[in-house]
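*Asks:* Got a structure for you, questions after.
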Amino acid sequence: MSKRITIFFMTLLFCICFSIFRLYTLSQGEYLQTAALQNGIYKLNVASARGIIYDCKKRPLVNLQKNTMMSVFPNDSTPKTLSQIMSSGEMNEIIPLLQTRKPFCLKVNSEQNRIISEDVQYFKVPKRYSDFQLASHILGYLDSSGNGICGIEKAFNDYLNSSKGKIELKYKINALGEILDGKQLKVEDTLYKQSQGVVLTIDKDLQKISEEVAEKYLKKGAIIITQVPNCEIRAFVSTPQFDPNNVSASLNNEDSPLLNRGLSSYNLGSIFKLVTIAAAMETSTNLDTEFDCTGSINVNDGTYHCFNGKSHGRERMQS
């Protein structure tokens, strides 16, 4: 019996000692220190910008224009301060944000009179697409989460996101989650990372000229300019075009601006007869040769019909 008691006591003592040792190592560990530091910080994302898409001469096609963002650190004097540059209607919209007592961001007109305050900061941030964006059908557009939906934005989505930069504000908070004095603000700016990106064969100058021509002479159609001998695409236009800043406006448009007419399939019809005749002449086919049109033909297990499936009977290429 005494031997069992001794073993039990030693086991219990070992467990207690081990628990004390683990508690000590955890309390001194870098992980908890880092976690505690993170828990004492409130982060506010002002803006983010992913990798740039360039033309063949490494000139940016996106992120050319700037938006002005204003960060606000709410306190008792903030409403009076903001009322100097905002209308009563705009003030009513942000009252719920002010009541949270948490920092927030607003997009502002760059021409507005700026206020000077310790609790208000201004930042110039990239606007992904310009007001008159070139090569919209090639570039594509982004969804609300910043991922590519089509075009180059989708094809290189992961790579462009890996080159993302941001402006982030960090405020210190107390144990109750309350923001401390705005003077504790720390700004983290990594927008320089957006300079990495994708280089296209598109030439910005030719693209601009092609879009101007398409706007003037085409209602619906496409213009594609390639450079021989490598067939590098220097300009690619599909018209009508769409605004990547307001894609929803094109969804119900009867002219289907979102359709990429430079890549979509198109029924050639009688125009392609010229190609067929040219191929026949190159192979020395007699133009007087007759054939029987039954209204359809089977090619590689696929059946192709004449217009309305109509049979034309005996035909010659010259007729």
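Numbering starts fresh at 1 for the residues of each chain in the structure tokens, the chains themselves are lettered A, B, ... in the order given, and ligands are numbered from 1 as they appear.
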Please report, as an MDAnalysis selection string, each residue of stretch 91-199 of chain A to which DSSP assigns helix (DSSP H, G or I) when run on this structure's backbone.
*Replies:* chainID A and resid 91:99 136:139 151:155 157:162 182:184 191:195
*Asks:* Give the strand (DSSP E) residues of stretch 45-227 of chain A, as assigned by DSSP on the backbone, as number ranges by chain.
*Replies:* A: 45-49, 52-54, 65-72, 104-108, 120-127, 165-172, 186-189, 197-199, 221-227
*Asks:* Tell me, in Å to one decimal, how far atom CA of A:Phe272 is from atom CA of A:Cys306.
*Replies:*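 Answer for the atom CA of A:Phe272 to atom CA of A:Cys306 separation: 13.3 Å.
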*Asks:* Give me, as number ranges by chain, all polymer residues having an atom no more than 12 Å from A:Ser136, counting only C-alpha atoms and skipping those fewer than 6 positions away in the same chain.
*Replies:* A: 53, 61-62, 128-130, 142, 150-153, 207-208, 211, 235-247, 257-260
*Asks:* Per residue of stretch 194-302 of chain A within 12 Å of stretch 63-81 of chain A, which atom pair is closest and at what distance in Å (one decimal), using only C-alpha atoms, listed by chain and increasing number, as a Markdown table?
*Replies:*
```
| residue | atom | partner | partner_atom | distance |
| --- | --- | --- | --- | --- |
| A:Gln194 | CA | A:Asn63 | CA | 9.1 |
| A:Ser195 | CA | A:Asn63 | CA | 9.8 |
| A:Gly197 | CA | A:Asn63 | CA | 11.5 |
```
*Asks:* Since we have the selection now, will you write its residues out, keeping C-alpha atoms, as a PDB file, in the first residue's frame?
*Replies:*
```
ATOM      1  CA  GLN A 194       1.653  47.466 -56.869  1.00  0.00           C
ATOM      2  CA  SER A 195       4.426  48.366 -59.346  1.00  0.00           C
ATOM      3  CA  GLY A 197       2.383  43.318 -62.632  1.00  0.00           C
TER       4      GLY A 197
END
```
*Asks:* Can I get the residues of stretch 189-225 of chain A within 12 Å of stretch 250-255 of chain A, each with the closest pair of atoms and their distance in Å to one decimal, using only C-alpha atoms, sorted chain first then ascending number, as a Markdown table?
*Replies:*
```
| residue | atom | partner | partner_atom | distance |
| --- | --- | --- | --- | --- |
| A:Lys219 | CA | A:Asp255 | CA | 8.9 |
| A:Lys220 | CA | A:Asp255 | CA | 7.8 |
| A:Gly221 | CA | A:Asp255 | CA | 10.8 |
```
*Asks:* Write a file of the just-selected residues containing N, CA and C atoms, as a PDB file, in the first residue's frame.
*Replies:*
```
ATOM      1  N   LYS A 219     -20.855  50.931 -84.774  1.00  0.00           N
ATOM      2  CA  LYS A 219     -21.863  50.820 -83.723  1.00  0.00           C
ATOM      3  C   LYS A 219     -21.658  49.514 -82.961  1.00  0.00           C
ATOM      4  N   LYS A 220     -21.452  48.439 -83.732  1.00  0.00           N
ATOM      5  CA  LYS A 220     -21.126  47.141 -83.153  1.00  0.00           C
ATOM      6  C   LYS A 220     -20.045  46.502 -84.010  1.00  0.00           C
ATOM      7  N   GLY A 221     -19.025  45.972 -83.369  1.00  0.00           N
ATOM      8  CA  GLY A 221     -17.960  45.330 -84.130  1.00  0.00           C
ATOM      9  C   GLY A 221     -16.674  45.262 -83.335  1.00  0.00           C
TER      10      GLY A 221
END
```
*Asks:* Can you tell me, as number ranges by chain, what residues are no more than 8 Å from A:Ile179 when counting only C-alpha atoms, ignoring any on the same chain fewer than 5 positions away?
*Replies:* A: 42, 101-102, 171-174
*Asks:* What is the atom CA of A:Glu212-atom CA of A:Asp143 distance in Å, reported with one decimal?
*Replies:* 27.6 Å
*Asks:* Could you list, as a count of residues only, every residue within 7 Å of A:Gln318, counting only C-alpha atoms and ignoring same-chain residues fewer than 2 positions away?
*Replies:* 3
*Asks:* From the list A:Asp205, A:Leu185, A:Thr11, A:Ser145, which residue is nearest A:Asn161 when using only C-alpha atoms?
*Replies:*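 Closest to A:Asn161, using only C-alpha atoms: A:Ser145.
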*Asks:* Between atom CA of A:Ile7 and atom CA of A:Ile20, what distance in Å does the model show, to one decimal?
*Replies:* 20.1 Å
*Asks:* Taking only C-alpha atoms into account, name the residue in A:Met86, A:Met317, A:Ser248, A:Gly262 that is nearest to A:Met281.
*Replies:*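 Of the candidates, the smallest distance to A:Met281 is held by A:Met317.
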*Asks:* I want to know what sits within 7 Å of A:Glu232, based on only C-alpha atoms, with residues of the same chain fewer than 3 positions away left out; could you give that as an NGL selection string?
*Replies:* :A and (201 or 226-227)
*Asks:* Leaving out A:Gly309 and any residue of its chain fewer than 6 positions from it, which residues lie within 12 Å of it when counting only C-alpha atoms, given as an NGL selection string?
*Replies:* :A and (293-297 or 303)
